[in-house]
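**Student:** One file is attached below, target-v8.txt, containing compact mmCIF, C-alpha atoms.
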# COMPACT_ATOMS: atom_id res chain seq x y z
CA MET A 1386 4.27 131.78 119.35
CA ASP A 1387 6.63 134.19 121.05
CA ARG A 1388 8.86 134.77 118.03
CA VAL A 1389 5.85 135.46 115.79
CA ASP A 1390 4.59 138.02 118.30
CA LYS A 1391 8.06 139.60 118.24
CA ILE A 1392 7.81 139.92 114.44
CA LEU A 1393 4.38 141.55 114.68
CA ASN A 1394 5.73 144.07 117.20
CA HIS A 1395 9.11 144.64 115.54
CA ASN A 1396 9.71 148.26 114.50
CA LEU A 1397 10.95 147.28 111.01
CA PHE A 1398 7.92 145.05 110.42
CA ILE A 1399 5.53 147.79 111.51
CA GLU A 1400 7.38 150.37 109.40
CA HIS A 1401 7.41 148.28 106.21
CA ILE A 1402 3.77 147.17 106.56
CA ALA A 1403 2.81 150.85 106.91
CA LYS A 1404 4.83 151.65 103.78
CA ASN A 1405 3.11 148.81 101.90
CA ASP A 1406 -0.29 150.09 103.03
CA ALA A 1407 0.54 153.64 101.93
CA ALA A 1408 1.89 152.47 98.57
CA GLU A 1409 -1.29 150.48 97.93
CA ALA A 1410 -3.83 152.93 99.33
CA ASP A 1411 -5.36 153.51 95.92
CA ARG A 1412 -4.75 150.00 94.56
CA SER A 1413 -7.87 148.30 93.21
CA PHE A 1414 -6.30 144.86 92.91
CA CYS A 1415 -5.18 142.52 95.70
CA ARG A 1416 -3.27 144.21 98.49
CA HIS A 1417 -0.29 143.02 100.47
CA ASN A 1418 -1.57 143.95 103.91
CA ILE A 1419 -1.69 142.18 107.25
CA ALA A 1420 -4.91 140.36 106.30
CA HIS A 1421 -3.18 138.83 103.27
CA LEU A 1422 -0.14 137.88 105.33
CA LEU A 1423 -2.29 136.14 107.94
CA ASP A 1424 -4.33 134.37 105.24
CA VAL A 1425 -1.10 133.05 103.75
CA ALA A 1426 0.15 131.93 107.18
CA ARG A 1427 -3.05 130.04 107.99
CA ILE A 1428 -3.28 128.38 104.57
CA ALA A 1429 0.41 127.47 104.79
CA MET A 1430 -0.27 125.77 108.13
CA ILE A 1431 -3.19 123.85 106.62
CA LEU A 1432 -0.94 122.68 103.77
CA ASN A 1433 1.80 121.80 106.26
CA LEU A 1434 -0.61 119.64 108.24
CA GLU A 1435 -2.38 118.09 105.25
CA GLU A 1436 0.91 117.16 103.61
CA GLY A 1437 2.52 115.89 106.83
CA LEU A 1438 5.56 118.13 106.43
CA PHE A 1439 6.06 118.81 110.14
CA LEU A 1440 7.34 122.34 109.50
CA ASP A 1441 7.67 124.37 112.69
CA LYS A 1442 4.66 126.65 113.19
CA GLU A 1443 6.80 129.69 114.00
CA VAL A 1444 8.88 129.11 110.88
CA VAL A 1445 5.76 128.89 108.71
CA TYR A 1446 4.25 132.03 110.27
CA GLY A 1447 7.57 133.87 110.10
CA ALA A 1448 7.86 133.20 106.37
CA ALA A 1449 4.25 134.08 105.66
CA LEU A 1450 4.26 137.30 107.66
CA LEU A 1451 7.44 138.50 105.98
CA HIS A 1452 7.04 137.24 102.40
CA ASP A 1453 5.68 140.55 101.02
CA ILE A 1454 7.47 142.92 103.41
CA GLY A 1455 9.39 144.51 100.52
CA LYS A 1456 6.40 145.21 98.27
CA HIS A 1457 6.69 148.99 98.68
CA VAL A 1458 10.33 148.78 97.51
CA GLN A 1459 9.11 147.25 94.26
CA TYR A 1460 6.76 150.20 93.76
CA GLU A 1461 9.38 152.79 94.76
CA GLU A 1462 12.53 151.39 93.12
CA GLY A 1463 11.40 148.70 90.71
CA ARG A 1464 13.39 146.04 92.57
CA PRO A 1465 11.44 142.75 92.89
CA HIS A 1466 9.76 142.61 96.28
CA GLU A 1467 10.95 139.08 96.97
CA GLN A 1468 14.56 140.27 96.74
CA ALA A 1469 13.99 143.39 98.82
CA GLY A 1470 11.91 141.43 101.31
CA ALA A 1471 14.58 138.78 101.80
CA VAL A 1472 17.02 141.43 103.02
CA ILE A 1473 14.51 143.09 105.34
CA ALA A 1474 13.26 139.75 106.68
CA SER A 1475 16.75 138.55 107.55
CA ASP A 1476 17.30 141.45 109.92
CA ILE A 1477 13.89 141.02 111.56
CA LEU A 1478 14.20 137.25 111.98
CA LYS A 1479 17.58 137.43 113.68
CA GLU A 1480 16.33 140.04 116.13
CA CYS A 1481 13.23 137.96 116.90
CA GLY A 1482 15.16 134.86 117.98
CA TYR A 1483 15.21 132.71 114.85
CA SER A 1484 18.34 130.60 114.46
CA ASP A 1485 20.75 131.07 111.56
CA LEU A 1486 19.40 127.90 109.93
CA GLU A 1487 15.75 128.95 110.37
CA THR A 1488 16.57 132.41 109.02
CA THR A 1489 18.26 130.90 105.97
CA VAL A 1490 15.29 128.60 105.26
CA ILE A 1491 12.73 131.41 105.69
CA VAL A 1492 14.69 133.92 103.62
CA ASP A 1493 15.08 131.32 100.86
CA ALA A 1494 11.30 130.74 100.86
CA ILE A 1495 10.67 134.50 100.69
CA ARG A 1496 13.16 134.89 97.86
CA ASN A 1497 11.45 132.08 95.92
CA HIS A 1498 7.77 132.65 96.70
CA ARG A 1499 7.09 133.79 93.13
CA THR A 1500 9.14 131.05 91.41
CA GLU A 1501 6.70 128.67 89.70
CA GLY A 1502 9.26 125.87 89.60
CA ILE A 1503 8.98 125.35 93.35
CA ALA A 1504 5.18 125.15 93.39
CA GLU A 1505 5.00 121.43 94.11
CA GLU A 1506 7.97 121.16 96.45
CA LYS A 1507 7.22 119.51 99.77
CA SER A 1508 9.14 122.17 101.68
CA LEU A 1509 8.64 125.64 103.12
CA ASN A 1510 9.39 127.01 99.64
CA GLY A 1511 6.54 125.08 98.05
CA VAL A 1512 4.13 125.64 100.92
CA LEU A 1513 4.69 129.41 100.89
CA TYR A 1514 4.27 129.57 97.10
CA ARG A 1515 1.02 127.55 97.16
CA ALA A 1516 -0.41 129.36 100.18
CA ASP A 1517 0.32 132.78 98.66
CA LYS A 1518 -1.52 131.89 95.47
CA ALA A 1519 -4.39 130.11 97.26
CA SER A 1520 -5.01 133.10 99.53
CA ARG A 1521 -6.59 135.24 96.83
CA PRO A 1522 -10.43 135.15 96.66
CA CYS A 1523 -10.69 135.80 92.91
CA PHE A 1524 -14.27 134.51 92.89
CA ALA A 1525 -15.34 137.50 95.00
CA CYS A 1526 -13.11 140.18 93.49
CA ASN A 1527 -14.59 143.17 91.67
CA MET A 1528 -11.38 143.44 89.63
CA GLU A 1529 -11.20 139.77 88.57
CA ASN A 1530 -12.07 140.53 84.94
CA LEU A 1531 -9.23 143.10 84.74
CA CYS A 1532 -6.66 141.06 86.66
CA ASN A 1533 -3.59 139.89 84.75
CA TRP A 1534 -3.48 136.48 86.43
CA LYS A 1535 -4.05 133.64 83.97
CA LYS A 1536 -7.55 132.19 84.14
CA GLU A 1537 -6.28 128.79 85.32
CA LYS A 1538 -4.36 130.47 88.15
CA LYS A 1539 -7.36 132.35 89.56
CA ASN A 1540 -9.15 131.00 92.60
CA MET A 1541 -12.74 130.71 91.46
CA GLN A 1542 -13.73 128.36 94.31
CA ILE A 1543 -12.98 128.20 97.99
CA LYS A 1544 -10.34 125.56 98.65
CA TYR A 1545 -8.96 126.70 102.02
Kindly present the structure from the file in structure tokens form.
**Tutor:**
Amino acid sequence: MDRVDKILNHNLFIEHIAKNDAAEADRSFCRHNIAHLLDVARIAMILNLEEGLFLDKEVVYGAALLHDIGKHVQYEEGRPHEQAGAVIASDILKECGYSDLETTVIVDAIRNHRTEGIAEEKSLNGVLYRADKASRPCFACNMENLCNWKKEKKNMQIKY
């Protein structure tokens, strides 16, 4: 997974992950750190395989690793992180060897990863949305009772 390794070592990726970590240092709720990004990537691959979608592994990992890259921008400027992240991700993807088509597909998935209407799509958009939501271990969270997620949205059992 050469291109995925390039993302992980890309200066912009490292910079924005550090900014996310700093912005969430005192956050009690779920964080948007490398552990979350890897959880999303691995769950997305499980969904990809289970659903027979045949999405390229590096495309799935690229989308998952970059989907929350703009979270600190949301805290700093109030701009939705999926919008900020789409811009940041585009630059990183191109420099890491993703084609224009792959970049477009990944950026679209990042831009839409919070859009409920795509939840059931059999595409990278739907996979990223479902994996992001499934990655949260609500059943083991000390803040679960204070979390603003709807009860039916919370993960109270291990699924993946």
**Student:** Find the spatial neighbours of A:Arg1515, counting only C-alpha atoms, within a cut-off of 9 Å - ignore same-chain residues fewer than 6 positions away - and output them as a compact mmCIF listing (two decimals) with C-alpha atoms, in the frame of the given file.
**Tutor:**
# COMPACT_ATOMS: atom_id res chain seq x y z
CA VAL A 1425 -1.10 133.05 103.75
CA ILE A 1428 -3.28 128.38 104.57
CA ALA A 1429 0.41 127.47 104.79
CA LEU A 1432 -0.94 122.68 103.77
CA HIS A 1498 7.77 132.65 96.70
CA ALA A 1504 5.18 125.15 93.39
CA GLU A 1505 5.00 121.43 94.11
**Student:** Pick out the closest residue to A:Ile1491 from this set: A:Arg1427, A:His1452, A:Arg1416, A:Arg1464. Count only C-alpha atoms.
**Tutor:**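 Using only C-alpha atoms, the shortest distance to A:Ile1491 belongs to A:His1452.
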**Student:** Counting only C-alpha atoms, which residue out of A:Gln1468, A:Ser1520, A:Gln1542, A:Asn1530 sits closest to A:Ile1495?
**Tutor:** A:Gln1468
**Student:** Need to verify the contact set: A:Asp1424, 9 Å, only C-alpha atoms, exclusion of same-chain residues closer than 6 positions in sequence. Can you return it as a list of chain:residue names?
**Tutor:**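 Counting only C-alpha atoms, the residues come to A:Ala1449, A:Ala1516, A:Asp1517, A:Ser1520, A:Arg1521.
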**Student:** Per residue of stretch 1448-1508 of chain A within 9 Å of stretch 1434-1444 of chain A, which atom pair is closest and at what distance in Å (one decimal), using only C-alpha atoms, listed by chain and increasing number, as JSON lines?
**Tutor:**
{"residue": "A:Ala1448", "atom": "CA", "partner": "A:Val1444", "partner_atom": "CA", "distance": 6.2}
{"residue": "A:Ala1449", "atom": "CA", "partner": "A:Val1444", "partner_atom": "CA", "distance": 8.6}
{"residue": "A:Tyr1483", "atom": "CA", "partner": "A:Val1444", "partner_atom": "CA", "distance": 8.3}
{"residue": "A:Glu1487", "atom": "CA", "partner": "A:Val1444", "partner_atom": "CA", "distance": 6.9}
{"residue": "A:Thr1488", "atom": "CA", "partner": "A:Val1444", "partner_atom": "CA", "distance": 8.6}
{"residue": "A:Val1490", "atom": "CA", "partner": "A:Val1444", "partner_atom": "CA", "distance": 8.5}
{"residue": "A:Ile1491", "atom": "CA", "partner": "A:Val1444", "partner_atom": "CA", "distance": 6.9}
{"residue": "A:Lys1507", "atom": "CA", "partner": "A:Leu1438", "partner_atom": "CA", "distance": 7.0}
{"residue": "A:Ser1508", "atom": "CA", "partner": "A:Leu1438", "partner_atom": "CA", "distance": 7.2}
**Student:** Store the residues picked out above, limited to C-alpha atoms, as an mmCIF file, in the frame of the given file.
**Tutor:**
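File again_8.cif, as written:
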data_model
loop_
_atom_site.group_PDB
_atom_site.id
_atom_site.type_symbol
_atom_site.label_atom_id
_atom_site.label_comp_id
_atom_site.auth_asym_id
_atom_site.auth_seq_id
_atom_site.Cartn_x
_atom_site.Cartn_y
_atom_site.Cartn_z
ATOM 1 C CA ALA A 1448 7.860 133.200 106.370
ATOM 2 C CA ALA A 1449 4.250 134.080 105.660
ATOM 3 C CA TYR A 1483 15.210 132.710 114.850
ATOM 4 C CA GLU A 1487 15.750 128.950 110.370
ATOM 5 C CA THR A 1488 16.570 132.410 109.020
ATOM 6 C CA VAL A 1490 15.290 128.600 105.260
ATOM 7 C CA ILE A 1491 12.730 131.410 105.690
ATOM 8 C CA LYS A 1507 7.220 119.510 99.770
ATOM 9 C CA SER A 1508 9.140 122.170 101.680
#
**Student:** Taking into account all atoms listed in the file, which residue in the set A:Met1430, A:His1421, A:Lys1544, A:Gln1459 is nearest to A:Lys1404?
**Tutor:**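 Of the candidates, the smallest distance to A:Lys1404 is held by A:Gln1459.
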**Student:** Between atom CA of A:Lys1518 and atom CA of A:Ala1408, what distance in Å does the model show, to one decimal?
**Tutor:**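 We find that atom CA of A:Lys1518 and atom CA of A:Ala1408 lie 21.1 Å from each other.
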**Student:** Please return stretch 1497-1533 of chain A, rebuilt to N, CA and C atoms, as a CSV table (one decimal), in the coordinates of the input.
**Tutor:**
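Saved result, selection.csv, follows:
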chain,number,residue,atom,x,y,z
A,1497,ASN,N,12.0,132.9,97.0
A,1497,ASN,CA,11.4,132.1,95.9
A,1497,ASN,C,9.9,132.0,95.9
A,1498,HIS,N,9.2,132.8,96.6
A,1498,HIS,CA,7.8,132.6,96.7
A,1498,HIS,C,7.0,133.0,95.4
A,1499,ARG,N,7.7,133.5,94.4
A,1499,ARG,CA,7.1,133.8,93.1
A,1499,ARG,C,7.7,132.9,92.0
A,1500,THR,N,8.5,131.9,92.4
A,1500,THR,CA,9.1,131.0,91.4
A,1500,THR,C,8.3,129.8,91.2
A,1501,GLU,N,7.6,129.8,90.0
A,1501,GLU,CA,6.7,128.7,89.7
A,1501,GLU,C,7.3,127.3,89.8
A,1502,GLY,N,8.6,127.2,89.6
A,1502,GLY,CA,9.3,125.9,89.6
A,1502,GLY,C,9.3,125.2,91.0
A,1503,ILE,N,9.0,125.9,92.0
A,1503,ILE,CA,9.0,125.4,93.4
A,1503,ILE,C,7.6,125.0,93.8
A,1504,ALA,N,6.6,125.3,93.0
A,1504,ALA,CA,5.2,125.2,93.4
A,1504,ALA,C,4.8,123.8,94.1
A,1505,GLU,N,5.4,122.8,93.6
A,1505,GLU,CA,5.0,121.4,94.1
A,1505,GLU,C,6.0,120.9,95.1
A,1506,GLU,N,7.0,121.6,95.5
A,1506,GLU,CA,8.0,121.2,96.4
A,1506,GLU,C,7.3,120.9,97.8
A,1507,LYS,N,7.7,119.8,98.4
A,1507,LYS,CA,7.2,119.5,99.8
A,1507,LYS,C,8.2,120.1,100.8
A,1508,SER,N,8.2,121.4,100.8
A,1508,SER,CA,9.1,122.2,101.7
A,1508,SER,C,8.5,123.5,102.0
A,1509,LEU,N,9.2,124.3,102.8
A,1509,LEU,CA,8.6,125.6,103.1
A,1509,LEU,C,8.5,126.4,101.8
A,1510,ASN,N,9.5,126.3,100.9
A,1510,ASN,CA,9.4,127.0,99.6
A,1510,ASN,C,8.1,126.7,98.9
A,1511,GLY,N,7.8,125.5,98.8
A,1511,GLY,CA,6.5,125.1,98.0
A,1511,GLY,C,5.3,125.5,98.8
A,1512,VAL,N,5.3,125.3,100.1
A,1512,VAL,CA,4.1,125.6,100.9
A,1512,VAL,C,3.8,127.1,100.8
A,1513,LEU,N,4.9,128.0,101.0
A,1513,LEU,CA,4.7,129.4,100.9
A,1513,LEU,C,4.2,129.8,99.5
A,1514,TYR,N,4.7,129.3,98.5
A,1514,TYR,CA,4.3,129.6,97.1
A,1514,TYR,C,2.8,129.2,97.0
A,1515,ARG,N,2.4,128.0,97.3
A,1515,ARG,CA,1.0,127.6,97.2
A,1515,ARG,C,0.1,128.3,98.0
A,1516,ALA,N,0.5,128.6,99.3
A,1516,ALA,CA,-0.4,129.4,100.2
A,1516,ALA,C,-0.6,130.8,99.7
A,1517,ASP,N,0.4,131.4,99.2
A,1517,ASP,CA,0.3,132.8,98.7
A,1517,ASP,C,-0.7,132.8,97.5
A,1518,LYS,N,-0.6,131.9,96.6
A,1518,LYS,CA,-1.5,131.9,95.5
A,1518,LYS,C,-2.9,131.5,95.9
A,1519,ALA,N,-3.1,130.6,96.8
A,1519,ALA,CA,-4.4,130.1,97.3
A,1519,ALA,C,-5.1,131.1,98.1
A,1520,SER,N,-4.4,132.1,98.6
A,1520,SER,CA,-5.0,133.1,99.5
A,1520,SER,C,-5.9,134.1,98.8
A,1521,ARG,N,-5.9,134.2,97.5
A,1521,ARG,CA,-6.6,135.2,96.8
A,1521,ARG,C,-8.0,134.8,96.5
A,1522,PRO,N,-9.0,135.5,97.0
A,1522,PRO,CA,-10.4,135.2,96.7
A,1522,PRO,C,-10.9,135.8,95.3
A,1523,CYS,N,-10.4,135.3,94.2
A,1523,CYS,CA,-10.7,135.8,92.9
A,1523,CYS,C,-12.2,135.7,92.6
A,1524,PHE,N,-12.8,134.7,93.1
A,1524,PHE,CA,-14.3,134.5,92.9
A,1524,PHE,C,-15.1,135.7,93.4
A,1525,ALA,N,-14.6,136.4,94.4
A,1525,ALA,CA,-15.3,137.5,95.0
A,1525,ALA,C,-14.7,138.9,94.7
A,1526,CYS,N,-13.8,138.9,93.8
A,1526,CYS,CA,-13.1,140.2,93.5
A,1526,CYS,C,-13.8,141.0,92.4
A,1527,ASN,N,-14.0,142.3,92.7
A,1527,ASN,CA,-14.6,143.2,91.7
A,1527,ASN,C,-13.7,143.4,90.5
A,1528,MET,N,-12.4,143.2,90.7
A,1528,MET,CA,-11.4,143.4,89.6
A,1528,MET,C,-11.0,142.2,88.9
A,1529,GLU,N,-11.6,141.1,89.2
A,1529,GLU,CA,-11.2,139.8,88.6
A,1529,GLU,C,-11.1,139.8,87.1
A,1530,ASN,N,-12.1,140.5,86.4
A,1530,ASN,CA,-12.1,140.5,84.9
A,1530,ASN,C,-10.9,141.4,84.4
A,1531,LEU,N,-10.3,142.3,85.2
A,1531,LEU,CA,-9.2,143.1,84.7
A,1531,LEU,C,-7.9,142.6,85.2
A,1532,CYS,N,-7.9,141.6,86.1
A,1532,CYS,CA,-6.7,141.1,86.7
A,1532,CYS,C,-5.8,140.4,85.6
A,1533,ASN,N,-4.5,140.5,85.7
A,1533,ASN,CA,-3.6,139.9,84.8
A,1533,ASN,C,-3.2,138.5,85.1
